[in-house]
Amino acid sequence: MKRLFDILLSVVSLLFFSVPLVLLALAIKLTSPGPVIYWSERIGLHSRKFRMPKFRTMRIDTPVVATHLLAEPDQYLTAIGGALRKTSLDELPQLWSILIGDMSFVGPRPALYNQEDLIALRKEMKVDTVPPGLTGWAQINGRDELSIADKVKLDAEYIAHPSLLIDIKIIGLTFLKVIRRDGVTH
């Protein structure tokens with residue numbers, strides 16, 4: 001049922017956001033050199049690697065680490081990168097990952113391939129037994145403000161109680177969080 005929900009909602013969302021997707025791609029291309037889409041190597045279901053698309057918000061010379069590990073992350077943002085991140089519009093290309101089954105709408109946010117501490121803790125807590133999500137329980141309960149241990153604890157709580165109604169609630173709360181920009185540091 002969850003996979004069918006993901007397919008239907010991703011198709012509807014891709015159609016709904018088709019014009020904004022094109023306009024954002026054009027804006028990125030016109031304001032910074034490099035590709036429009038950044039393919040980030042992430043860890044997904046059963047700790048397997050997959051490539052996750054995002055609109056590129058950082059310069060092409062940015063080190064490949066989690067943003068919070070950069071000494072001065074703002075120095076690497078493109079002209080419109082900050083706005084894309086604060087509004088979460090950089091995440092829209094992940095609708096493709098949901099459509100093809102690499103991700104779900106709701107689940108733990110996919111870890112970067114080099115976040116060994118997060119990956120190990122997720123394996124230990126069996127959080128890697130569900131597909132990663134565009135949003136998740138940890139996202140609506142603190143996002144960037146949470147420690148890795150707290151994120152994994154919240155993700156484990158979510159997978160312990162699977163429900164389409166909970167997924168719909170998380171998606172709704174995510175929209176509110178994005179509109180209010182709650183929990184976003186970069």
# chains A, B, ... in the order shown; residues from 1 in each chain; ligands from 1
>>> select_by_dssp(residues="chain A", states="strand (DSSP E)", output="list in words")
Ile37, Tyr38, Trp39, Ser40, Glu41, Arg42, Ile43, Lys49, Phe50, Arg51, Met52, Pro53, Lys54, Phe55, Ser104, Phe105, Val106, Ala111, Leu112, Gly133, Leu134 and Thr135 of chain A
>>> residues_around(residues="stretch 145-162 of chain A", least_positions_apart="4", cutoff="8 Å", atoms="only C-alpha atoms", output="ChimeraX atom specification")
/A:107-108,118,121-122,125-127,130,136-138,166,183-185
>>> closest_residue(among="A:Ala120, A:Val19, A:Val178, A:Met52", to="A:Ser40", atoms="only C-alpha atoms")
A:Met52
>>> closest_atom_pairs(of="stretch 75-159 of chain A", to="stretch 58-68 of chain A", cutoff="9 Å", atoms="only C-alpha atoms", output="JSON lines")
{"residue": "A:Gln75", "atom": "CA", "partner": "A:Met58", "partner_atom": "CA", "distance": 8.9}
{"residue": "A:Tyr76", "atom": "CA", "partner": "A:Met58", "partner_atom": "CA", "distance": 5.3}
{"residue": "A:Leu77", "atom": "CA", "partner": "A:Met58", "partner_atom": "CA", "distance": 4.4}
{"residue": "A:Thr78", "atom": "CA", "partner": "A:Met58", "partner_atom": "CA", "distance": 5.2}
{"residue": "A:Ala79", "atom": "CA", "partner": "A:Met58", "partner_atom": "CA", "distance": 8.9}
{"residue": "A:Gly81", "atom": "CA", "partner": "A:Met58", "partner_atom": "CA", "distance": 6.3}
{"residue": "A:Gly82", "atom": "CA", "partner": "A:Met58", "partner_atom": "CA", "distance": 8.8}
{"residue": "A:Ala111", "atom": "CA", "partner": "A:Ala66", "partner_atom": "CA", "distance": 9.0}
{"residue": "A:Leu112", "atom": "CA", "partner": "A:Ala66", "partner_atom": "CA", "distance": 7.0}
{"residue": "A:Asn114", "atom": "CA", "partner": "A:Val65", "partner_atom": "CA", "distance": 7.3}
{"residue": "A:Gln115", "atom": "CA", "partner": "A:Ala66", "partner_atom": "CA", "distance": 7.8}
{"residue": "A:Asp144", "atom": "CA", "partner": "A:His68", "partner_atom": "CA", "distance": 8.6}
>>> write_last_selection(atoms="N, CA, C and O atoms", output="tab-separated table (two decimals), in the first residue's frame")
chain	number	residue	atom	x	y	z
A	75	GLN	N	29.78	30.10	2.62
A	75	GLN	CA	30.72	30.56	1.58
A	75	GLN	C	30.62	29.71	0.31
A	75	GLN	O	31.07	30.13	-0.74
A	76	TYR	N	30.05	28.51	0.43
A	76	TYR	CA	29.95	27.62	-0.73
A	76	TYR	C	28.61	27.70	-1.46
A	76	TYR	O	28.43	27.09	-2.50
A	77	LEU	N	27.65	28.43	-0.90
A	77	LEU	CA	26.33	28.51	-1.52
A	77	LEU	C	26.38	29.26	-2.84
A	77	LEU	O	27.12	30.24	-2.98
A	78	THR	N	25.57	28.81	-3.79
A	78	THR	CA	25.41	29.55	-5.05
A	78	THR	C	24.53	30.77	-4.78
A	78	THR	O	23.98	30.92	-3.67
A	79	ALA	N	24.35	31.60	-5.79
A	79	ALA	CA	23.56	32.82	-5.63
A	79	ALA	C	22.14	32.54	-5.13
A	79	ALA	O	21.60	33.30	-4.32
A	81	GLY	N	21.29	29.38	-3.90
A	81	GLY	CA	21.37	28.16	-3.09
A	81	GLY	C	20.75	28.30	-1.72
A	81	GLY	O	20.05	27.40	-1.24
A	82	GLY	N	20.98	29.41	-1.06
A	82	GLY	CA	20.41	29.61	0.28
A	82	GLY	C	18.90	29.61	0.25
A	82	GLY	O	18.25	28.98	1.09
A	111	ALA	N	21.29	9.01	4.48
A	111	ALA	CA	22.61	9.46	4.94
A	111	ALA	C	23.56	9.60	3.76
A	111	ALA	O	23.45	8.88	2.77
A	112	LEU	N	24.51	10.54	3.89
A	112	LEU	CA	25.61	10.59	2.95
A	112	LEU	C	26.45	9.33	3.12
A	112	LEU	O	26.55	8.80	4.23
A	114	ASN	N	29.46	8.93	3.47
A	114	ASN	CA	30.59	9.05	4.38
A	114	ASN	C	30.19	9.41	5.81
A	114	ASN	O	31.04	9.72	6.63
A	115	GLN	N	28.92	9.29	6.14
A	115	GLN	CA	28.46	9.53	7.51
A	115	GLN	C	28.43	8.19	8.26
A	115	GLN	O	27.38	7.67	8.62
A	144	ASP	N	17.63	19.71	11.38
A	144	ASP	CA	19.07	19.95	11.51
A	144	ASP	C	19.50	20.19	12.96
A	144	ASP	O	20.68	20.16	13.28
>>> residues_around(residues="A:Val22", least_positions_apart="6", cutoff="12 Å", atoms="only C-alpha atoms", output="ChimeraX atom specification")
/A:14-16,28-29,36-37,55,92-93
>>> write_last_selection(atoms="C-alpha atoms", output="PDB file, in the first residue's frame")
ATOM      1  CA  LEU A  14       5.834  15.722 -10.686  1.00  0.00           C
ATOM      2  CA  LEU A  15       2.944  16.905 -12.854  1.00  0.00           C
ATOM      3  CA  PHE A  16       1.977  19.633 -10.376  1.00  0.00           C
ATOM      4  CA  ILE A  28      20.253  27.528 -11.364  1.00  0.00           C
ATOM      5  CA  LYS A  29      21.817  27.305 -14.828  1.00  0.00           C
ATOM      6  CA  VAL A  36      21.631  21.882 -12.491  1.00  0.00           C
ATOM      7  CA  ILE A  37      21.245  18.585 -10.652  1.00  0.00           C
ATOM      8  CA  PHE A  55      18.943  20.852  -7.271  1.00  0.00           C
ATOM      9  CA  LEU A  92      12.071  18.477  -5.498  1.00  0.00           C
ATOM     10  CA  PRO A  93      14.169  16.262  -7.839  1.00  0.00           C
TER      11      PRO A  93
END
>>> closest_residue(among="A:Gly172, A:Pro53, A:Gly44, A:Gly101", to="A:Pro132", atoms="only C-alpha atoms")
A:Gly44
>>> select_by_dssp(residues="stretch 3-183 of chain A", states="alpha helix (DSSP H)", output="PyMOL selection string")
chain A and resi 3-16+18-31+81-86+94-100+116-124+137-140+148-160+164-180
>>> closest_residue(among="A:Ser47, A:Thr57, A:Ser32, A:Ser18", to="A:Asp128", atoms="only C-alpha atoms")
A:Ser47
